[in-house]
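Chemist: This structure is in structure tokens; I'll ask about it shortly.
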Amino acid sequence: MLNLVIFGGPGSGKGTQSEHIVKEYSLFHISTGDVLRRIIASGSQLGQQVESIISKGNLIPDEMMVEILANELDSNPATANGVIFDGFPRTINQAKALKEMLAKRDTKVHAVVGLEVDDELLIERLIKRGQDSGRSDDNLETIKQRLDVYHNQTSPLRDYYIAEGKYLAIDGTGTIEQISATIINAVNEKVK
Ligand code: AP5
Ligand code: MG
């Protein structure tokens, strides 16, 4: 069993690379952004609440997010074979909650894939995607806020996972295929 966290700024390639990694290791992909966008699409009251937070580029409160994640783990039996967590954790509290959640299931995070990309390139990628993504957060104002939130609230996790000996620094620039190959080498080296 292998549990990975894929970590990085908005537009760093978490979703893109997850698609390759799930195939390599037969993992279940949980993207909390995708889960939240499904909740929005359901049109529920919770969905409206989530939409107003996401469109401003802010984070869903930890307590709500942890509950949503626990529900994803429990409602998908395939998660028992291993998961790639994309977009979670995003705060130190979420990282602690994930550790507890996995410990209760007799497992742990084995490695954290950290996609490192400069802000200028992140903005360029997201503006380009915004032309047809339909995502309410792919506009310059919200992208800037997402970057601020990333630097203030999420990037401290890098040191947290370095201290746990789990962080794999990956250059997130270059072709999608090059980056995938680098990730797979680094993960194999780490868990062999
Ligand atoms: P989320 O959906 O996770 O968005 P994000 O972190 O801002 O990242 P993206 O999904 O936009 O980018 P990505 O890293 O997946 O890159 P991608 O592969 O798409 O979260 C959205 C919101 O939900 C948050 O802002 C927050 O409000 C809320 N939320 C989610 N999780 C939460 C949590 N745990 N706690 C609280 N709130 C939470 O690639 C981006 C683009 O670049 C694509 O167009 C792609 O084709 C392109 N690209 C990728 N790789 C390359 C490459 N190598 N070269 C050229 N282009 C590339
Ligand atoms: Mg994504």
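A note on labels: chains of the structure tokens are A, B, ... as shown, every chain counts residues from 1, and ligands are counted from 1 in their shown order.
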Give as number ranges by chain the residues surrounding ligand 2 up to a distance of 9 Å, considering only C-alpha atoms and all ligand atoms.

Modeler: A: 10-16, 18, 31-34, 86-87

Chemist: Could you write out that same residue set with all heavy atoms as a PDB file, in the first residue's frame?

Modeler:
```pdb
ATOM      1  N   PRO A  10      -1.029  26.773  -6.772  1.00  0.00           N
ATOM      2  CA  PRO A  10      -2.115  26.673  -7.749  1.00  0.00           C
ATOM      3  C   PRO A  10      -1.532  26.621  -9.158  1.00  0.00           C
ATOM      4  O   PRO A  10      -0.742  27.486  -9.526  1.00  0.00           O
ATOM      5  CB  PRO A  10      -2.914  27.964  -7.523  1.00  0.00           C
ATOM      6  CG  PRO A  10      -1.987  28.908  -6.825  1.00  0.00           C
ATOM      7  CD  PRO A  10      -1.055  28.036  -6.025  1.00  0.00           C
ATOM      8  N   GLY A  11      -1.878  25.589  -9.919  1.00  0.00           N
ATOM      9  CA  GLY A  11      -1.377  25.477 -11.288  1.00  0.00           C
ATOM     10  C   GLY A  11      -0.023  24.782 -11.389  1.00  0.00           C
ATOM     11  O   GLY A  11       0.572  24.719 -12.471  1.00  0.00           O
ATOM     12  N   SER A  12       0.468  24.219 -10.279  1.00  0.00           N
ATOM     13  CA  SER A  12       1.795  23.590 -10.309  1.00  0.00           C
ATOM     14  C   SER A  12       1.776  22.249 -11.029  1.00  0.00           C
ATOM     15  O   SER A  12       2.828  21.671 -11.293  1.00  0.00           O
ATOM     16  CB  SER A  12       2.343  23.429  -8.885  1.00  0.00           C
ATOM     17  OG  SER A  12       1.443  22.676  -8.100  1.00  0.00           O
ATOM     18  N   GLY A  13       0.574  21.720 -11.318  1.00  0.00           N
ATOM     19  CA  GLY A  13       0.487  20.458 -12.062  1.00  0.00           C
ATOM     20  C   GLY A  13       0.051  19.282 -11.198  1.00  0.00           C
ATOM     21  O   GLY A  13       0.220  18.127 -11.595  1.00  0.00           O
ATOM     22  N   LYS A  14      -0.561  19.564 -10.060  1.00  0.00           N
ATOM     23  CA  LYS A  14      -0.983  18.472  -9.160  1.00  0.00           C
ATOM     24  C   LYS A  14      -1.954  17.516  -9.852  1.00  0.00           C
ATOM     25  O   LYS A  14      -1.792  16.299  -9.805  1.00  0.00           O
ATOM     26  CB  LYS A  14      -1.631  19.039  -7.875  1.00  0.00           C
ATOM     27  CG  LYS A  14      -0.711  19.958  -7.072  1.00  0.00           C
ATOM     28  CD  LYS A  14      -1.340  20.433  -5.775  1.00  0.00           C
ATOM     29  CE  LYS A  14      -2.533  21.366  -5.934  1.00  0.00           C
ATOM     30  NZ  LYS A  14      -2.216  22.671  -6.567  1.00  0.00           N
ATOM     31  N   GLY A  15      -2.971  18.094 -10.485  1.00  0.00           N
ATOM     32  CA  GLY A  15      -3.981  17.262 -11.158  1.00  0.00           C
ATOM     33  C   GLY A  15      -3.386  16.514 -12.352  1.00  0.00           C
ATOM     34  O   GLY A  15      -3.599  15.313 -12.524  1.00  0.00           O
ATOM     35  N   THR A  16      -2.608  17.239 -13.153  1.00  0.00           N
ATOM     36  CA  THR A  16      -2.000  16.652 -14.352  1.00  0.00           C
ATOM     37  C   THR A  16      -1.095  15.480 -13.979  1.00  0.00           C
ATOM     38  O   THR A  16      -1.176  14.393 -14.561  1.00  0.00           O
ATOM     39  CB  THR A  16      -1.158  17.739 -15.081  1.00  0.00           C
ATOM     40  OG1 THR A  16      -2.009  18.851 -15.348  1.00  0.00           O
ATOM     41  CG2 THR A  16      -0.548  17.215 -16.359  1.00  0.00           C
ATOM     42  N   SER A  18      -1.056  13.789 -11.153  1.00  0.00           N
ATOM     43  CA  SER A  18      -1.787  12.723 -10.450  1.00  0.00           C
ATOM     44  C   SER A  18      -2.288  11.679 -11.436  1.00  0.00           C
ATOM     45  O   SER A  18      -2.255  10.485 -11.156  1.00  0.00           O
ATOM     46  CB  SER A  18      -2.973  13.292  -9.666  1.00  0.00           C
ATOM     47  OG  SER A  18      -2.509  14.062  -8.585  1.00  0.00           O
ATOM     48  N   SER A  31      -8.832  14.502  -5.340  1.00  0.00           N
ATOM     49  CA  SER A  31      -8.541  15.929  -5.484  1.00  0.00           C
ATOM     50  C   SER A  31      -9.608  16.676  -4.700  1.00  0.00           C
ATOM     51  O   SER A  31     -10.789  16.628  -5.073  1.00  0.00           O
ATOM     52  CB  SER A  31      -8.590  16.331  -6.962  1.00  0.00           C
ATOM     53  OG  SER A  31      -8.872  17.719  -7.074  1.00  0.00           O
ATOM     54  N   THR A  32      -9.201  17.348  -3.631  1.00  0.00           N
ATOM     55  CA  THR A  32     -10.229  18.039  -2.835  1.00  0.00           C
ATOM     56  C   THR A  32     -10.872  19.170  -3.638  1.00  0.00           C
ATOM     57  O   THR A  32     -12.052  19.457  -3.464  1.00  0.00           O
ATOM     58  CB  THR A  32      -9.688  18.561  -1.482  1.00  0.00           C
ATOM     59  OG1 THR A  32      -8.429  19.188  -1.693  1.00  0.00           O
ATOM     60  CG2 THR A  32      -9.558  17.446  -0.483  1.00  0.00           C
ATOM     61  N   GLY A  33     -10.112  19.786  -4.566  1.00  0.00           N
ATOM     62  CA  GLY A  33     -10.708  20.814  -5.427  1.00  0.00           C
ATOM     63  C   GLY A  33     -11.835  20.212  -6.270  1.00  0.00           C
ATOM     64  O   GLY A  33     -12.915  20.785  -6.374  1.00  0.00           O
ATOM     65  N   ASP A  34     -11.579  19.023  -6.844  1.00  0.00           N
ATOM     66  CA  ASP A  34     -12.615  18.370  -7.662  1.00  0.00           C
ATOM     67  C   ASP A  34     -13.813  17.971  -6.800  1.00  0.00           C
ATOM     68  O   ASP A  34     -14.965  18.107  -7.235  1.00  0.00           O
ATOM     69  CB  ASP A  34     -12.050  17.116  -8.358  1.00  0.00           C
ATOM     70  CG  ASP A  34     -11.064  17.475  -9.475  1.00  0.00           C
ATOM     71  OD1 ASP A  34     -10.983  18.661  -9.856  1.00  0.00           O
ATOM     72  OD2 ASP A  34     -10.369  16.556  -9.959  1.00  0.00           O
ATOM     73  N   ASP A  86      -4.493  15.030  -3.514  1.00  0.00           N
ATOM     74  CA  ASP A  86      -4.162  16.192  -4.360  1.00  0.00           C
ATOM     75  C   ASP A  86      -4.927  17.404  -3.814  1.00  0.00           C
ATOM     76  O   ASP A  86      -6.154  17.430  -3.858  1.00  0.00           O
ATOM     77  CB  ASP A  86      -4.546  15.810  -5.803  1.00  0.00           C
ATOM     78  CG  ASP A  86      -4.770  16.990  -6.750  1.00  0.00           C
ATOM     79  OD1 ASP A  86      -4.579  18.152  -6.366  1.00  0.00           O
ATOM     80  OD2 ASP A  86      -5.165  16.714  -7.910  1.00  0.00           O
ATOM     81  N   GLY A  87      -4.187  18.353  -3.258  1.00  0.00           N
ATOM     82  CA  GLY A  87      -4.845  19.548  -2.714  1.00  0.00           C
ATOM     83  C   GLY A  87      -5.204  19.424  -1.248  1.00  0.00           C
ATOM     84  O   GLY A  87      -5.868  20.301  -0.687  1.00  0.00           O
TER      85      GLY A  87
END
```

Chemist: Can you tell me which residues sit at most 8 Å away from ligand 1, counting only C-alpha atoms and all ligand atoms, written as a JSON list (two decimals) with N, CA, C and O atoms, in the first residue's frame?

Modeler:
```json
[["chain", "number", "residue", "atom", "x", "y", "z"],
["A", 7, "PHE", "N", 1.78, 18.00, -3.75],
["A", 7, "PHE", "CA", 1.77, 19.28, -3.08],
["A", 7, "PHE", "C", 2.38, 20.34, -3.99],
["A", 7, "PHE", "O", 3.35, 20.07, -4.70],
["A", 8, "GLY", "N", 1.82, 21.54, -3.98],
["A", 8, "GLY", "CA", 2.39, 22.63, -4.78],
["A", 8, "GLY", "C", 1.38, 23.74, -4.97],
["A", 8, "GLY", "O", 0.19, 23.58, -4.66],
["A", 9, "GLY", "N", 1.85, 24.86, -5.49],
["A", 9, "GLY", "CA", 1.00, 26.03, -5.66],
["A", 9, "GLY", "C", -0.12, 25.79, -6.67],
["A", 9, "GLY", "O", -0.15, 24.75, -7.34],
["A", 10, "PRO", "N", -1.03, 26.77, -6.77],
["A", 10, "PRO", "CA", -2.11, 26.67, -7.75],
["A", 10, "PRO", "C", -1.53, 26.62, -9.16],
["A", 10, "PRO", "O", -0.74, 27.49, -9.53],
["A", 11, "GLY", "N", -1.88, 25.59, -9.92],
["A", 11, "GLY", "CA", -1.38, 25.48, -11.29],
["A", 11, "GLY", "C", -0.02, 24.78, -11.39],
["A", 11, "GLY", "O", 0.57, 24.72, -12.47],
["A", 12, "SER", "N", 0.47, 24.22, -10.28],
["A", 12, "SER", "CA", 1.79, 23.59, -10.31],
["A", 12, "SER", "C", 1.78, 22.25, -11.03],
["A", 12, "SER", "O", 2.83, 21.67, -11.29],
["A", 13, "GLY", "N", 0.57, 21.72, -11.32],
["A", 13, "GLY", "CA", 0.49, 20.46, -12.06],
["A", 13, "GLY", "C", 0.05, 19.28, -11.20],
["A", 13, "GLY", "O", 0.22, 18.13, -11.59],
["A", 14, "LYS", "N", -0.56, 19.56, -10.06],
["A", 14, "LYS", "CA", -0.98, 18.47, -9.16],
["A", 14, "LYS", "C", -1.95, 17.52, -9.85],
["A", 14, "LYS", "O", -1.79, 16.30, -9.80],
["A", 15, "GLY", "N", -2.97, 18.09, -10.49],
["A", 15, "GLY", "CA", -3.98, 17.26, -11.16],
["A", 15, "GLY", "C", -3.39, 16.51, -12.35],
["A", 15, "GLY", "O", -3.60, 15.31, -12.52],
["A", 16, "THR", "N", -2.61, 17.24, -13.15],
["A", 16, "THR", "CA", -2.00, 16.65, -14.35],
["A", 16, "THR", "C", -1.09, 15.48, -13.98],
["A", 16, "THR", "O", -1.18, 14.39, -14.56],
["A", 17, "GLN", "N", -0.24, 15.68, -13.00],
["A", 17, "GLN", "CA", 0.71, 14.62, -12.63],
["A", 17, "GLN", "C", 0.00, 13.48, -11.90],
["A", 17, "GLN", "O", 0.41, 12.32, -12.04],
["A", 18, "SER", "N", -1.06, 13.79, -11.15],
["A", 18, "SER", "CA", -1.79, 12.72, -10.45],
["A", 18, "SER", "C", -2.29, 11.68, -11.44],
["A", 18, "SER", "O", -2.25, 10.48, -11.16],
["A", 31, "SER", "N", -8.83, 14.50, -5.34],
["A", 31, "SER", "CA", -8.54, 15.93, -5.48],
["A", 31, "SER", "C", -9.61, 16.68, -4.70],
["A", 31, "SER", "O", -10.79, 16.63, -5.07],
["A", 32, "THR", "N", -9.20, 17.35, -3.63],
["A", 32, "THR", "CA", -10.23, 18.04, -2.83],
["A", 32, "THR", "C", -10.87, 19.17, -3.64],
["A", 32, "THR", "O", -12.05, 19.46, -3.46],
["A", 33, "GLY", "N", -10.11, 19.79, -4.57],
["A", 33, "GLY", "CA", -10.71, 20.81, -5.43],
["A", 33, "GLY", "C", -11.83, 20.21, -6.27],
["A", 33, "GLY", "O", -12.92, 20.79, -6.37],
["A", 34, "ASP", "N", -11.58, 19.02, -6.84],
["A", 34, "ASP", "CA", -12.61, 18.37, -7.66],
["A", 34, "ASP", "C", -13.81, 17.97, -6.80],
["A", 34, "ASP", "O", -14.97, 18.11, -7.23],
["A", 36, "LEU", "N", -14.84, 19.46, -4.12],
["A", 36, "LEU", "CA", -15.58, 20.69, -3.81],
["A", 36, "LEU", "C", -16.37, 21.18, -5.03],
["A", 36, "LEU", "O", -17.51, 21.64, -4.90],
["A", 37, "ARG", "N", -15.78, 21.06, -6.22],
["A", 37, "ARG", "CA", -16.51, 21.49, -7.43],
["A", 37, "ARG", "C", -17.72, 20.59, -7.68],
["A", 37, "ARG", "O", -18.73, 21.07, -8.19],
["A", 50, "VAL", "N", -19.62, 26.92, -0.39],
["A", 50, "VAL", "CA", -18.30, 26.55, -0.91],
["A", 50, "VAL", "C", -17.93, 27.45, -2.10],
["A", 50, "VAL", "O", -16.80, 27.95, -2.19],
["A", 53, "ILE", "N", -16.58, 30.84, -1.24],
["A", 53, "ILE", "CA", -15.20, 30.82, -0.72],
["A", 53, "ILE", "C", -14.20, 30.60, -1.86],
["A", 53, "ILE", "O", -13.21, 31.33, -2.00],
["A", 54, "ILE", "N", -14.47, 29.59, -2.70],
["A", 54, "ILE", "CA", -13.53, 29.24, -3.78],
["A", 54, "ILE", "C", -13.37, 30.38, -4.77],
["A", 54, "ILE", "O", -12.27, 30.68, -5.23],
["A", 55, "SER", "N", -14.47, 31.05, -5.11],
["A", 55, "SER", "CA", -14.38, 32.10, -6.14],
["A", 55, "SER", "C", -13.57, 33.30, -5.63],
["A", 55, "SER", "O", -13.09, 34.10, -6.43],
["A", 56, "LYS", "N", -13.39, 33.39, -4.30],
["A", 56, "LYS", "CA", -12.55, 34.47, -3.75],
["A", 56, "LYS", "C", -11.11, 34.00, -3.58],
["A", 56, "LYS", "O", -10.23, 34.77, -3.22],
["A", 57, "GLY", "N", -10.86, 32.70, -3.77],
["A", 57, "GLY", "CA", -9.49, 32.18, -3.66],
["A", 57, "GLY", "C", -9.09, 31.84, -2.23],
["A", 57, "GLY", "O", -7.90, 31.66, -1.95],
["A", 58, "ASN", "N", -10.06, 31.75, -1.33],
["A", 58, "ASN", "CA", -9.75, 31.44, 0.07],
["A", 58, "ASN", "C", -9.94, 29.96, 0.37],
["A", 58, "ASN", "O", -10.47, 29.21, -0.45],
["A", 59, "LEU", "N", -9.53, 29.53, 1.58],
["A", 59, "LEU", "CA", -9.63, 28.12, 1.94],
["A", 59, "LEU", "C", -10.94, 27.82, 2.65],
["A", 59, "LEU", "O", -11.44, 28.63, 3.44],
["A", 60, "ILE", "N", -11.47, 26.63, 2.37],
["A", 60, "ILE", "CA", -12.61, 26.10, 3.12],
["A", 60, "ILE", "C", -12.11, 25.84, 4.55],
["A", 60, "ILE", "O", -10.98, 25.38, 4.72],
["A", 61, "PRO", "N", -12.92, 26.14, 5.59],
["A", 61, "PRO", "CA", -12.45, 25.92, 6.97],
["A", 61, "PRO", "C", -11.99, 24.48, 7.20],
["A", 61, "PRO", "O", -12.57, 23.54, 6.67],
["A", 62, "ASP", "N", -10.91, 24.34, 8.00],
["A", 62, "ASP", "CA", -10.30, 23.02, 8.23],
["A", 62, "ASP", "C", -11.31, 21.96, 8.65],
["A", 62, "ASP", "O", -11.30, 20.84, 8.14],
["A", 65, "MET", "N", -13.40, 20.75, 5.87],
["A", 65, "MET", "CA", -12.58, 20.05, 4.87],
["A", 65, "MET", "C", -12.19, 18.65, 5.35],
["A", 65, "MET", "O", -12.20, 17.70, 4.57],
["A", 66, "VAL", "N", -11.88, 18.54, 6.63],
["A", 66, "VAL", "CA", -11.47, 17.24, 7.19],
["A", 66, "VAL", "C", -12.65, 16.27, 7.15],
["A", 66, "VAL", "O", -12.50, 15.09, 6.81],
["A", 86, "ASP", "N", -4.49, 15.03, -3.51],
["A", 86, "ASP", "CA", -4.16, 16.19, -4.36],
["A", 86, "ASP", "C", -4.93, 17.40, -3.81],
["A", 86, "ASP", "O", -6.15, 17.43, -3.86],
["A", 87, "GLY", "N", -4.19, 18.35, -3.26],
["A", 87, "GLY", "CA", -4.85, 19.55, -2.71],
["A", 87, "GLY", "C", -5.20, 19.42, -1.25],
["A", 87, "GLY", "O", -5.87, 20.30, -0.69],
["A", 88, "PHE", "N", -4.78, 18.38, -0.63],
["A", 88, "PHE", "CA", -4.99, 18.16, 0.81],
["A", 88, "PHE", "C", -3.76, 17.43, 1.32],
["A", 88, "PHE", "O", -3.35, 16.46, 0.69],
["A", 89, "PRO", "N", -3.15, 17.82, 2.42],
["A", 89, "PRO", "CA", -3.51, 18.94, 3.27],
["A", 89, "PRO", "C", -3.04, 20.29, 2.72],
["A", 89, "PRO", "O", -2.13, 20.36, 1.92],
["A", 90, "ARG", "N", -3.67, 21.34, 3.20],
["A", 90, "ARG", "CA", -3.31, 22.71, 2.80],
["A", 90, "ARG", "C", -2.96, 23.57, 4.00],
["A", 90, "ARG", "O", -2.61, 24.74, 3.84],
["A", 91, "THR", "N", -3.09, 23.02, 5.20],
["A", 91, "THR", "CA", -2.70, 23.72, 6.43],
["A", 91, "THR", "C", -2.05, 22.68, 7.35],
["A", 91, "THR", "O", -2.24, 21.47, 7.16],
["A", 94, "GLN", "N", -4.63, 20.50, 8.88],
["A", 94, "GLN", "CA", -5.10, 19.43, 7.99],
["A", 94, "GLN", "C", -4.07, 18.30, 7.93],
["A", 94, "GLN", "O", -4.44, 17.12, 7.85],
["A", 122, "LEU", "N", 3.21, 29.98, -12.77],
["A", 122, "LEU", "CA", 1.90, 29.53, -12.28],
["A", 122, "LEU", "C", 0.81, 30.45, -12.83],
["A", 122, "LEU", "O", -0.22, 29.98, -13.34],
["A", 125, "ARG", "N", 0.22, 29.83, -16.54],
["A", 125, "ARG", "CA", -0.54, 28.59, -16.80],
["A", 125, "ARG", "C", -2.02, 28.77, -16.48],
["A", 125, "ARG", "O", -2.89, 28.31, -17.23],
["A", 126, "LEU", "N", -2.29, 29.43, -15.35],
["A", 126, "LEU", "CA", -3.70, 29.52, -14.92],
["A", 126, "LEU", "C", -4.50, 30.51, -15.77],
["A", 126, "LEU", "O", -5.68, 30.29, -16.04],
["A", 128, "LYS", "N", -3.93, 31.05, -18.88],
["A", 128, "LYS", "CA", -4.16, 30.30, -20.12],
["A", 128, "LYS", "C", -5.32, 29.32, -19.92],
["A", 128, "LYS", "O", -6.24, 29.26, -20.74],
["A", 129, "ARG", "N", -5.29, 28.57, -18.82],
["A", 129, "ARG", "CA", -6.36, 27.61, -18.58],
["A", 129, "ARG", "C", -7.71, 28.32, -18.43],
["A", 129, "ARG", "O", -8.75, 27.82, -18.82],
["A", 137, "ASP", "N", -12.37, 30.53, -10.26],
["A", 137, "ASP", "CA", -11.16, 31.05, -9.60],
["A", 137, "ASP", "C", -9.99, 31.24, -10.56],
["A", 137, "ASP", "O", -8.91, 31.61, -10.15],
["A", 138, "ASP", "N", -10.21, 31.00, -11.87],
["A", 138, "ASP", "CA", -9.13, 31.19, -12.85],
["A", 138, "ASP", "C", -9.18, 32.58, -13.47],
["A", 138, "ASP", "O", -9.25, 32.73, -14.70],
["A", 143, "ILE", "N", -6.50, 34.43, -8.83],
["A", 143, "ILE", "CA", -5.23, 33.69, -8.90],
["A", 143, "ILE", "C", -4.24, 34.32, -7.91],
["A", 143, "ILE", "O", -3.53, 33.61, -7.18],
["A", 146, "ARG", "N", -5.13, 33.25, -4.49],
["A", 146, "ARG", "CA", -4.77, 31.83, -4.29],
["A", 146, "ARG", "C", -3.28, 31.71, -4.00],
["A", 146, "ARG", "O", -2.86, 30.90, -3.17],
["A", 172, "GLY", "N", 9.00, 21.38, -11.05],
["A", 172, "GLY", "CA", 7.70, 21.26, -11.73],
["A", 172, "GLY", "C", 7.65, 21.94, -13.08],
["A", 172, "GLY", "O", 6.57, 22.19, -13.62],
["A", 173, "THR", "N", 8.85, 22.29, -13.63],
["A", 173, "THR", "CA", 8.89, 22.91, -14.96],
["A", 173, "THR", "C", 9.46, 21.91, -15.95],
["A", 173, "THR", "O", 10.16, 20.98, -15.57],
["A", 174, "GLY", "N", 9.15, 22.11, -17.22],
["A", 174, "GLY", "CA", 9.57, 21.15, -18.25],
["A", 174, "GLY", "C", 8.34, 20.48, -18.81],
["A", 174, "GLY", "O", 7.22, 20.93, -18.54],
["A", 175, "THR", "N", 8.54, 19.41, -19.58],
["A", 175, "THR", "CA", 7.36, 18.78, -20.17],
["A", 175, "THR", "C", 6.68, 17.91, -19.12],
["A", 175, "THR", "O", 7.30, 17.47, -18.14],
["A", 176, "ILE", "N", 5.40, 17.65, -19.34],
["A", 176, "ILE", "CA", 4.60, 16.82, -18.43],
["A", 176, "ILE", "C", 5.26, 15.44, -18.28],
["A", 176, "ILE", "O", 5.36, 14.91, -17.17],
["A", 177, "GLU", "N", 5.75, 14.89, -19.39],
["A", 177, "GLU", "CA", 6.37, 13.55, -19.37],
["A", 177, "GLU", "C", 7.67, 13.56, -18.57],
["A", 177, "GLU", "O", 7.92, 12.63, -17.79],
["A", 179, "ILE", "N", 8.48, 15.54, -16.13],
["A", 179, "ILE", "CA", 8.17, 15.71, -14.70],
["A", 179, "ILE", "C", 7.66, 14.39, -14.13],
["A", 179, "ILE", "O", 8.07, 13.98, -13.04]]
```

Chemist: Restricting the calculation to only C-alpha atoms: of A:Glu189, A:Ser133, A:Lys108, A:Val5, which residue gets closest to Leu157 of chain A?

Modeler: A:Val5

Chemist: Could you pull out the strand (DSSP E) residues of segment 12-52 of chain A, going by DSSP on the backbone, and write them as a VMD selection string?

Modeler: chain A and resid 28 to 31

Chemist: Write out, as a tab-separated table, each residue of segment 11-117 of chain A that has an atom at most 9 Å from segment 158-165 of chain A, together with the closest pair of atoms and their distance in Å to one decimal, counting only C-alpha atoms, rows going by chain and rising number.

Modeler:
```
residue	atom	partner	partner_atom	distance
A:Ile92	CA	A:Tyr160	CA	7.7
A:Ala95	CA	A:Tyr160	CA	8.7
A:Ala111	CA	A:Gly165	CA	8.4
A:Val112	CA	A:Tyr161	CA	7.2
A:Gly114	CA	A:Arg158	CA	7.7
```

Chemist: Based on DSSP run over this structure's backbone, return all residues of chain A in helix (DSSP H, G or I), as a ChimeraX atom specification.

Modeler: /A:14-25,32-41,45-54,62-75,77-81,92-104,119-130,140-154,156-163,176-191

Chemist: Work out how far apart atom CA of Gly82 of chain A and atom CA of Gly47 of chain A are and give it in Å to one decimal.

Modeler: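 Answer for the atom CA of Gly82 of chain A to atom CA of Gly47 of chain A separation: 28.0 Å.
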
Chemist: Nearest to Ile183 of chain A: which of A:Val22, A:Asp148, A:Ser52, A:Ile40 is it, counting only C-alpha atoms?

Modeler: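 The shortest atom-to-atom distance to Ile183 of chain A comes from A:Val22.
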